[in-house]
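Raw contents of start_18.cif, mmCIF, C-alpha atoms:
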data_final
loop_
_atom_site.label_atom_id
_atom_site.label_comp_id
_atom_site.auth_asym_id
_atom_site.auth_seq_id
_atom_site.Cartn_x
_atom_site.Cartn_y
_atom_site.Cartn_z
CA MET Z 25 31.74 -3.10 20.78
CA PRO Z 26 35.19 -3.60 22.38
CA HIS Z 27 38.15 -1.31 21.60
CA LYS Z 28 41.57 -2.47 20.40
CA CYS Z 29 44.76 -0.46 20.77
CA THR Z 30 46.15 0.02 17.24
CA ARG Z 31 49.77 -0.26 18.52
CA CYS Z 32 49.95 -3.07 21.11
CA GLU Z 33 46.60 -4.65 20.06
CA LYS Z 34 45.41 -4.96 23.65
CA ILE Z 35 41.61 -5.32 23.80
CA PHE Z 36 39.50 -3.21 26.18
CA LYS Z 37 35.84 -3.84 26.91
CA ASP Z 38 33.16 -1.55 25.45
CA GLY Z 39 33.05 1.80 27.30
CA ASP Z 40 36.22 1.10 29.30
CA ILE Z 41 37.23 4.46 30.82
CA ALA Z 42 40.86 3.30 31.14
CA ILE Z 43 41.46 4.22 27.48
CA LEU Z 44 40.41 7.86 27.99
CA ASP Z 45 43.96 8.68 29.09
CA GLY Z 46 45.53 6.51 26.40
CA CYS Z 47 46.39 2.81 26.39
CA PRO Z 48 47.48 1.80 29.94
CA ASN Z 49 49.75 -0.79 28.34
CA CYS Z 50 51.72 1.26 25.79
CA GLY Z 51 50.38 4.82 26.15
CA TRP Z 52 49.07 4.97 22.54
CA ASN Z 53 45.89 6.92 21.95
CA LYS Z 54 44.36 5.42 18.81
CA PHE Z 55 41.80 2.62 19.15
CA LEU Z 56 39.68 0.59 16.78
CA PHE Z 57 36.22 -0.89 17.35
CA VAL Z 58 36.48 -4.66 17.08
CA HIS Z 59 33.95 -7.48 17.09
CA ASP Z 60 33.52 -9.32 20.35
CA GLU Z 61 35.23 -12.64 19.72
CA SER Z 62 33.23 -14.48 22.36
CA GLU Z 63 29.97 -13.44 20.61
CA GLU Z 64 31.43 -14.39 17.22
CA GLY Z 65 32.33 -17.80 18.59
CA ASP Z 66 28.74 -18.40 19.62
CA ASP Z 67 27.47 -17.29 16.24
CA ALA Z 68 29.82 -19.64 14.43
CA LYS Z 69 28.32 -22.58 16.32
CA SER Z 70 24.80 -21.70 15.23
CA PRO Z 71 24.88 -20.28 11.68
CA ASP Z 72 21.21 -19.26 11.89
CA LYS Z 73 22.17 -16.52 14.33
CA GLN Z 74 24.69 -14.89 11.98
CA PRO Z 75 23.68 -11.45 10.77
CA GLY Z 76 22.13 -11.61 7.30
CA LYS Z 77 21.43 -15.33 7.54
CA LYS Z 78 18.79 -14.70 10.14
CA GLY Z 79 16.67 -12.76 7.66
CA LEU Z 80 17.16 -15.43 5.02
CA LYS Z 81 16.08 -18.15 7.41
CA GLU Z 82 12.92 -16.27 8.18
CA ILE Z 83 12.18 -15.80 4.49
CA ASP Z 84 12.86 -19.50 3.85
CA GLU Z 85 10.50 -20.45 6.65
CA PHE Z 86 7.93 -18.04 5.25
CA LEU Z 87 8.30 -19.45 1.75
CA SER Z 88 8.01 -23.03 2.89
CA ASP Z 89 4.52 -22.13 4.14
CA GLN Z 90 3.65 -20.67 0.74
CA GLU Z 91 2.83 -22.39 -2.51
CA PRO Z 92 5.79 -24.07 -4.23
CA GLY Z 93 7.72 -21.99 -6.77
CA THR Z 94 7.70 -18.69 -4.91
CA GLU Z 95 11.38 -18.73 -3.92
CA GLU Z 96 12.26 -16.34 -6.73
CA ILE Z 97 10.57 -13.50 -4.83
CA THR Z 98 13.54 -13.22 -2.50
CA LYS Z 99 15.86 -12.47 -5.40
CA THR Z 100 13.90 -9.34 -6.27
CA GLU Z 101 14.19 -7.90 -2.77
CA ASP Z 102 17.79 -6.77 -3.33
CA GLU Z 103 17.28 -5.52 -6.87
CA PRO Z 104 17.18 -1.71 -6.98
CA GLU Z 105 13.97 -0.41 -8.51
CA GLN Z 106 15.75 1.67 -11.16
CA ASP Z 107 17.43 -1.48 -12.54
CA ARG Z 108 14.14 -3.18 -13.19
CA ILE Z 109 12.65 -2.92 -16.63
CA GLU Z 110 9.22 -4.07 -15.56
CA SER Z 111 6.52 -1.68 -14.43
CA LEU Z 112 4.62 -4.43 -12.68
CA ARG Z 113 5.82 -7.65 -11.08
CA ILE Z 114 3.32 -10.37 -10.31
CA ASN Z 115 4.68 -12.47 -7.45
CA GLU Z 116 1.57 -14.61 -7.12
CA PRO Z 117 -2.13 -14.02 -7.65
CA GLY Z 118 -2.99 -11.15 -5.31
CA SER Z 119 0.59 -10.06 -4.65
CA TYR Z 120 2.01 -7.33 -6.85
CA GLU Z 121 5.00 -5.01 -6.87
CA LEU Z 122 4.67 -1.75 -8.76
CA ASN Z 123 7.61 0.19 -10.16
CA LEU Z 124 6.12 3.68 -9.88
CA GLU Z 125 9.11 5.30 -11.56
CA ALA Z 126 8.70 3.13 -14.67
CA LEU Z 127 4.93 3.64 -14.67
CA LEU Z 128 5.29 7.41 -14.38
CA GLU Z 129 8.05 7.78 -16.94
CA ARG Z 130 7.16 5.25 -19.61
CA LYS Z 131 3.94 4.79 -21.52
CA GLU Z 132 4.39 1.09 -22.12
CA ILE Z 133 3.65 -1.46 -19.44
CA ILE Z 134 5.99 -4.42 -19.01
CA MET Z 135 4.93 -7.14 -16.59
CA ALA Z 136 7.32 -9.57 -14.96
CA MET Z 137 6.24 -12.95 -13.69
CA LYS Z 138 7.49 -14.45 -10.45
CA GLU Z 139 10.23 -16.38 -12.23
CA ASP Z 140 13.19 -14.14 -12.98
CA GLY Z 141 13.70 -13.47 -16.66
CA LYS Z 142 10.10 -14.00 -17.73
CA TYR Z 143 8.40 -10.86 -18.96
CA VAL Z 144 5.12 -9.95 -20.62
CA VAL Z 145 4.88 -6.80 -22.69
CA HIS Z 146 1.47 -5.19 -22.72
CA LEU Z 147 1.15 -4.52 -26.46
CA PRO Z 148 -1.75 -2.02 -26.46
CA SER Z 149 0.23 0.28 -24.15
CA VAL Z 150 3.35 -0.02 -26.35
CA PHE Z 151 1.44 0.77 -29.53
CA ASP Z 152 -0.39 3.61 -27.85
CA ALA Z 153 2.94 5.10 -26.75
CA LYS Z 154 4.33 4.89 -30.30
CA LYS Z 155 1.19 6.48 -31.74
CA LYS Z 156 1.41 9.38 -29.29
CA LYS Z 157 5.12 9.91 -30.06
CA LYS Z 158 4.38 10.19 -33.81
CA LYS Z 159 1.80 12.95 -33.25
CA MET P 2 4.20 35.50 -34.46
CA GLY P 3 1.84 35.88 -37.38
CA LEU P 4 -0.98 38.36 -37.43
CA ILE P 5 -3.58 35.58 -37.45
CA ASN P 6 -2.08 34.01 -34.33
CA LYS P 7 -2.04 37.39 -32.59
CA VAL P 8 -5.68 37.94 -33.41
CA LYS P 9 -6.50 34.42 -32.21
CA LEU P 10 -4.70 35.05 -28.91
CA ASN P 11 -6.46 38.36 -28.34
CA PHE P 12 -9.76 36.79 -29.17
CA SER P 13 -9.24 33.93 -26.74
CA SER P 14 -8.24 36.26 -23.88
CA MET P 15 -11.26 38.46 -24.69
CA PHE P 16 -13.44 35.38 -24.66
CA LYS P 17 -12.07 34.39 -21.28
CA LYS P 18 -12.61 37.87 -19.89
CA ILE P 19 -16.18 38.05 -21.13
CA PHE P 20 -17.22 34.72 -19.73
CA ASN P 21 -14.79 34.74 -16.79
CA LYS P 22 -14.57 30.98 -17.02
CA LYS P 23 -11.43 29.30 -15.83
CA LYS P 24 -11.45 25.54 -16.12
CA ALA P 25 -8.97 23.01 -14.86
CA ARG P 26 -8.88 19.27 -14.48
CA ILE P 27 -7.41 18.45 -11.10
CA GLY P 28 -6.33 15.06 -9.79
CA ILE P 29 -6.32 14.15 -6.12
CA TYR P 30 -3.30 11.93 -5.52
CA GLY P 31 -1.47 10.44 -2.57
CA PRO P 32 -0.65 7.21 -0.77
CA PRO P 33 -3.43 4.84 0.40
CA ASN P 34 -5.40 6.02 3.44
CA ALA P 35 -4.13 9.60 3.25
CA GLY P 36 -7.73 10.85 2.98
CA LYS P 37 -8.07 11.50 -0.76
CA THR P 38 -11.69 10.37 -1.05
CA THR P 39 -12.60 12.11 2.23
CA LEU P 40 -11.22 15.33 0.73
CA ALA P 41 -12.92 14.76 -2.64
CA ASN P 42 -16.20 14.13 -0.82
CA ARG P 43 -15.81 17.30 1.21
CA ILE P 44 -14.99 19.50 -1.82
CA ILE P 45 -17.88 18.08 -3.81
CA ARG P 46 -20.33 18.23 -0.91
CA ASP P 47 -19.33 21.82 -0.07
CA TRP P 48 -19.70 23.07 -3.63
CA THR P 49 -22.35 20.82 -5.22
CA GLY P 50 -24.10 19.01 -2.36
CA ASP P 51 -23.24 15.52 -3.72
CA ALA P 52 -20.66 12.91 -2.69
CA MET P 53 -17.83 11.24 -4.59
CA GLY P 54 -17.33 7.78 -3.13
CA ALA P 55 -17.14 5.50 -0.12
CA VAL P 56 -14.36 5.88 2.45
CA SER P 57 -12.91 3.17 4.65
CA SER P 58 -10.01 2.43 6.97
CA VAL P 59 -9.17 -0.58 4.78
CA PRO P 60 -6.46 0.57 2.35
CA HIS P 61 -7.26 0.76 -1.37
CA GLU P 62 -10.99 1.36 -0.85
CA THR P 63 -10.89 3.49 -4.03
CA ARG P 64 -9.78 1.14 -6.76
CA ARG P 65 -11.00 3.05 -9.81
CA ALA P 66 -10.39 6.71 -10.62
CA ARG P 67 -13.62 8.68 -10.25
CA ARG P 68 -14.30 11.96 -11.97
CA ARG P 69 -16.72 14.72 -11.13
CA GLU P 70 -17.09 17.51 -13.68
CA GLY P 71 -17.96 21.16 -13.27
CA VAL P 72 -17.27 21.83 -9.59
CA THR P 73 -17.04 25.62 -9.27
CA ILE P 74 -14.99 26.92 -6.36
CA GLU P 75 -15.15 30.60 -5.47
CA SER P 76 -12.88 32.15 -2.91
CA ASN P 77 -11.67 35.72 -2.30
CA GLY P 78 -12.91 36.89 -5.69
CA SER P 79 -11.10 34.09 -7.58
CA LYS P 80 -13.28 31.55 -9.29
CA VAL P 81 -12.35 28.27 -10.90
CA THR P 82 -14.39 25.43 -12.36
CA LEU P 83 -12.78 22.08 -11.74
CA ASP P 84 -13.12 18.58 -13.05
CA ILE P 85 -12.04 16.60 -10.00
CA VAL P 86 -10.47 13.16 -10.39
CA ASP P 87 -10.24 11.11 -7.20
CA THR P 88 -7.60 8.44 -7.70
CA PRO P 89 -6.68 5.13 -6.02
CA GLY P 90 -3.83 5.37 -3.52
CA LEU P 91 -0.36 5.07 -5.01
CA ALA P 92 1.74 2.27 -3.58
CA THR P 93 4.71 0.19 -4.64
CA LYS P 94 3.35 -3.05 -3.23
CA VAL P 95 -0.12 -4.51 -3.11
CA ASP P 96 -0.53 -7.78 -1.29
CA PHE P 97 -3.76 -9.62 -0.61
CA HIS P 98 -2.52 -10.53 2.89
CA GLU P 99 -2.97 -6.84 3.76
CA PHE P 100 -6.72 -7.17 3.09
CA MET P 101 -6.95 -10.48 4.90
CA ALA P 102 -5.49 -8.74 7.96
CA HIS P 103 -8.57 -6.51 7.81
CA GLY P 104 -10.81 -9.56 8.04
CA LEU P 105 -11.60 -10.12 4.35
CA GLU P 106 -11.81 -13.59 2.81
CA GLU P 107 -8.88 -14.79 0.69
CA ASP P 108 -10.75 -14.69 -2.64
CA GLU P 109 -12.14 -11.23 -1.95
CA SER P 110 -8.67 -10.07 -0.83
CA LYS P 111 -7.06 -11.33 -4.03
CA ARG P 112 -9.73 -9.65 -6.13
CA ARG P 113 -9.22 -6.37 -4.28
CA ALA P 114 -5.44 -6.61 -4.66
CA LYS P 115 -5.83 -7.06 -8.42
CA GLU P 116 -8.25 -4.15 -8.69
CA ALA P 117 -6.03 -1.93 -6.53
CA THR P 118 -3.04 -2.70 -8.78
CA GLU P 119 -5.06 -1.85 -11.90
CA GLY P 120 -6.25 1.27 -10.10
CA ILE P 121 -2.69 2.46 -9.41
CA ILE P 122 -1.79 2.06 -13.09
CA GLU P 123 -4.98 3.91 -14.04
CA ALA P 124 -4.15 6.72 -11.59
CA VAL P 125 -0.68 7.13 -13.09
CA LYS P 126 -2.06 7.20 -16.64
CA TRP P 127 -4.55 9.92 -15.64
CA LEU P 128 -1.63 12.29 -15.01
CA ASP P 129 -1.32 12.82 -18.79
CA ASP P 130 -4.74 14.48 -18.87
CA LEU P 131 -4.51 16.77 -15.85
CA ASP P 132 -3.86 20.48 -15.42
CA GLY P 133 -2.87 20.23 -11.77
CA VAL P 134 -2.63 17.97 -8.76
CA ILE P 135 -3.64 18.11 -5.13
CA LEU P 136 -1.28 15.77 -3.33
CA VAL P 137 -2.85 14.56 -0.11
CA MET P 138 -0.41 13.47 2.58
CA ASP P 139 -1.10 12.05 6.00
CA SER P 140 0.63 14.52 8.33
CA THR P 141 0.90 11.90 11.07
CA GLU P 142 3.23 9.86 8.82
CA ASP P 143 6.83 10.34 7.72
CA PRO P 144 6.67 12.30 4.43
CA PHE P 145 10.00 10.96 3.11
CA THR P 146 8.57 7.93 1.37
CA GLN P 147 9.48 6.46 -1.96
CA VAL P 148 5.96 7.14 -3.23
CA ASN P 149 5.95 10.83 -2.24
CA VAL P 150 9.45 11.53 -3.53
CA THR P 151 8.86 9.70 -6.85
CA VAL P 152 5.47 11.30 -7.46
CA ILE P 153 6.62 14.85 -6.61
CA GLY P 154 9.75 14.44 -8.76
CA ASN P 155 7.70 13.27 -11.72
CA MET P 156 5.11 16.04 -11.36
CA GLU P 157 7.91 18.60 -11.27
CA ALA P 158 9.35 17.07 -14.44
CA ARG P 159 5.92 17.40 -16.08
CA SER P 160 5.62 21.00 -14.80
CA LEU P 161 2.24 20.14 -13.29
CA PRO P 162 1.08 22.69 -10.69
CA LEU P 163 1.05 20.95 -7.35
CA LEU P 164 -0.69 21.80 -4.10
CA ILE P 165 0.03 19.73 -1.01
CA ALA P 166 -2.85 19.09 1.40
CA ALA P 167 -1.28 18.07 4.72
CA ASN P 168 -4.25 16.09 5.99
CA LYS P 169 -5.35 14.71 9.38
CA VAL P 170 -4.38 17.78 11.44
CA ASP P 171 -7.25 16.82 13.77
CA LEU P 172 -4.99 14.05 15.11
CA PRO P 173 -2.67 15.08 17.97
CA GLU P 174 0.40 13.41 16.46
CA SER P 175 0.08 15.29 13.15
CA SER P 176 2.96 17.44 11.99
CA PRO P 177 2.31 19.43 8.78
CA ALA P 178 5.59 21.29 9.45
CA ARG P 179 7.48 18.06 8.79
CA ILE P 180 5.90 17.89 5.30
CA ARG P 181 6.68 21.57 4.68
CA THR P 182 10.33 20.96 5.56
CA ALA P 183 10.44 17.91 3.31
CA PHE P 184 8.94 19.63 0.25
CA PRO P 185 9.39 23.38 0.74
CA GLN P 186 9.19 24.08 -3.00
CA HIS P 187 5.40 23.52 -3.14
CA PRO P 188 2.49 25.38 -1.54
CA LEU P 189 1.04 23.51 1.41
CA VAL P 190 -2.21 23.80 3.33
CA PRO P 191 -2.67 21.92 6.61
CA ILE P 192 -6.23 20.56 6.71
CA SER P 193 -8.54 18.03 8.23
CA ALA P 194 -10.69 16.70 5.41
CA LEU P 195 -12.68 14.80 8.04
CA ASP P 196 -13.80 17.70 10.23
CA GLY P 197 -13.24 20.54 7.76
CA GLN P 198 -10.49 22.32 9.73
CA ASN P 199 -8.80 25.02 7.59
CA ILE P 200 -10.66 23.83 4.49
CA ASP P 201 -11.44 27.43 3.47
CA SER P 202 -7.71 28.13 3.17
CA LEU P 203 -7.47 25.14 0.86
CA TYR P 204 -10.29 26.51 -1.32
CA GLU P 205 -8.56 29.87 -1.43
CA LYS P 206 -5.30 28.23 -2.51
CA ILE P 207 -7.11 26.04 -5.10
CA ALA P 208 -8.79 29.10 -6.63
CA GLN P 209 -5.48 31.01 -6.71
CA HIS P 210 -3.28 28.16 -7.79
CA PHE P 211 -5.41 26.47 -10.42
CA GLY P 212 -7.57 29.41 -11.51
#
Turn this file's structure into structure tokens for me.
Amino acid sequence: MPHKCTRCEKIFKDGDIAILDGCPNCGWNKFLFVHDESEEGDDAKSPDKQPGKKGLKEIDEFLSDQEPGTEEITKTEDEPEQDRIESLRINEPGSYELNLEALLERKEIIMAMKEDGKYVVHLPSVFDAKKKKKK
Amino acid sequence: MGLINKVKLNFSSMFKKIFNKKKARIGIYGPPNAGKTTLANRIIRDWTGDAMGAVSSVPHETRRARRREGVTIESNGSKVTLDIVDTPGLATKVDFHEFMAHGLEEDESKRRAKEATEGIIEAVKWLDDLDGVILVMDSTEDPFTQVNVTVIGNMEARSLPLLIAANKVDLPESSPARIRTAFPQHPLVPISALDGQNIDSLYEKIAQHFG
């Protein structure tokens, strides 16, 4: 990553030894890492290459090969486990995500379907938990 | 404490002394392919001559918890009778594609994925009925995983005695020391469940720890 003098804003290439004795232009000795503008220019032309979007593109490509209606899976990727109420998420038949923390700490089992906001509560486990609490 | 309770307590300790019978129900837990069933098989074969279940390199081979009662382990004068529960591997994701990568058909893979998921839930629910846990870890793998950290944290919260079996020391890339550094608060025995390396030390620790 190139360096930029924080006083005169002159840019030096990555690893330039000239800055070891201070900025040859103004003598200042504080530098910032900056993005390479030439690389950024290339990225702007092809949005698929931008960081972050690359991953999304791959997921989109992956999903387009899958059955329709599985796009919601991507939304769950960013969701921290502790924020999830469900102990089990069913993404599609044969693909499951388990929230071990919820399973270990709670008696009741809540299942989430692939669509966000659709949950199934496993009643026997809820009633069993209540019964055990009463004892 | 009432007199009756005191008498009861004395009687129960007398009873224990007379019959010298210590019993504990122990669960064998850990991530998939750590060697839980291999270890269960070894313990049961060494002390009863039987076997527990099939082992395989395909993850989630054990999809139902299996229990073997009355396995008596004797080591260095300590004796303990165990009910051993071999559990399915704990994981946060089960995907049928994983099985297909091992050459299984799609339908069979989906069935296995469903069973493995049920098995994980079953394994977690078993924790309520246990007196202690042997946590099997693959010492060739990084121990700082979400599964290991979550499981150990929960067992500590339940005050369940925990013994770590750092498995697969027969492999050159194994590093039980890495597991010891990660979880120094629990006793650890480096073993190879496959070839029996250091298994006597494990029996000694089991008898001490759970007896």
Task: chain Z residues near chain P (8 Å cut-off, all atoms listed in the file) as number ranges by chain - done: Z: 117-125, 127-129
Selected residues, C-alpha atoms, written as an mmCIF file, in the frame of the given file, please.
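Full text of again-v1.cif as output:
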data_model
loop_
_atom_site.group_PDB
_atom_site.id
_atom_site.type_symbol
_atom_site.label_atom_id
_atom_site.label_comp_id
_atom_site.auth_asym_id
_atom_site.auth_seq_id
_atom_site.Cartn_x
_atom_site.Cartn_y
_atom_site.Cartn_z
ATOM 1 C CA PRO Z 117 -2.130 -14.020 -7.650
ATOM 2 C CA GLY Z 118 -2.990 -11.150 -5.310
ATOM 3 C CA SER Z 119 0.590 -10.060 -4.650
ATOM 4 C CA TYR Z 120 2.010 -7.330 -6.850
ATOM 5 C CA GLU Z 121 5.000 -5.010 -6.870
ATOM 6 C CA LEU Z 122 4.670 -1.750 -8.760
ATOM 7 C CA ASN Z 123 7.610 0.190 -10.160
ATOM 8 C CA LEU Z 124 6.120 3.680 -9.880
ATOM 9 C CA GLU Z 125 9.110 5.300 -11.560
ATOM 10 C CA LEU Z 127 4.930 3.640 -14.670
ATOM 11 C CA LEU Z 128 5.290 7.410 -14.380
ATOM 12 C CA GLU Z 129 8.050 7.780 -16.940
#
TODO: Pick out the closest residue to P:Leu203 from this set: P:Asn168, P:Thr73, P:Asn149, P:Thr49. Count all atoms listed in the file.
DONE: P:Asn168
Could you list, as a PDB file with C-alpha atoms, in the frame of the given file, every residue within 9 Å of Z:Phe55, counting all atoms listed in the file and ignoring same-chain residues fewer than 5 positions away?
ATOM      1  CA  HIS Z  27      38.150  -1.310  21.600  1.00  0.00           C
ATOM      2  CA  LYS Z  28      41.570  -2.470  20.400  1.00  0.00           C
ATOM      3  CA  CYS Z  29      44.760  -0.460  20.770  1.00  0.00           C
ATOM      4  CA  THR Z  30      46.150   0.020  17.240  1.00  0.00           C
ATOM      5  CA  ARG Z  31      49.770  -0.260  18.520  1.00  0.00           C
ATOM      6  CA  GLU Z  33      46.600  -4.650  20.060  1.00  0.00           C
ATOM      7  CA  ILE Z  43      41.460   4.220  27.480  1.00  0.00           C
ATOM      8  CA  CYS Z  47      46.390   2.810  26.390  1.00  0.00           C
TER       9      CYS Z  47
END
TODO: With the file shown as input, list the residues that the PyMOL selection byres ((chain P and resi 75) around 10) selects, as a ChimeraX atom specification.
DONE: /P:48,72-74,76-82,204-205,207-209,212
Task: P:Asn199 surroundings by all atoms listed in the file, 12 Å radius, close-in-sequence under 3 positions cut, as a ChimeraX atom specification - done: /P:166-171,189-196,202-206
Task: Output of the PyMOL selection byres ((chain P and resi 88) around 8), listed as a ChimeraX atom specification - done: /P:28-30,37,63-67,86-87,89-90,120-121,124
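The space separating atom CA of P:Gly133 from atom CA of Z:Arg130 comes to 19.7 Å.
What the PyMOL selection byres ((chain Z and resi 26) around 8) grabs from this file is Z:Met25, Z:His27, Z:Lys28, Z:Ile35, Z:Phe36, Z:Lys37, Z:Asp38, Z:Gly39, Z:Phe57, Z:Val58, Z:His59, Z:Asp60.
Atom CA of P:Ser160 to atom CA of P:His61 spans 27.5 Å [interatomic distance, one decimal].
With atom CA of P:Ile135 on one side and atom CA of P:Ile27 on the other, the separation reads 7.1 Å.
Omitting P:Val59 and its sequence neighbours fewer than 4 positions away, and counting all atoms listed in the file, the residues within 8 Å are P:Asn34, P:Phe100, P:His103.
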Each residue of stretch 36-143 of chain P with at least one atom at most 10 Å from stretch 179-185 of chain P should appear once, together with its nearest atom pair and the corresponding distance in Å (one decimal); atoms considered: only C-alpha atoms; ordering: chain, then increasing residue number; output as a tab-separated table.
residue	atom	partner	partner_atom	distance
P:Met138	CA	P:Ile180	CA	8.2
P:Asp139	CA	P:Ile180	CA	9.1
P:Ser140	CA	P:Ile180	CA	7.0
P:Thr141	CA	P:Arg179	CA	9.3
P:Glu142	CA	P:Ile180	CA	9.2
P:Asp143	CA	P:Arg179	CA	7.8
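When all atoms listed in the file are used to compute distances to P:Glu70, the closest of the residues P:Ile200, P:Ile45, P:Leu136, P:Ala55 turns out to be P:Ile45.
If you count only C-alpha atoms and ignore residues fewer than 6 places along the chain from Z:Ala126, what sits within 10 Å of it is Glu105, Gln106, Arg108, Ile109, Glu110, Ser111, Leu112, Glu132, Ile133 and Ile134 of chain Z.
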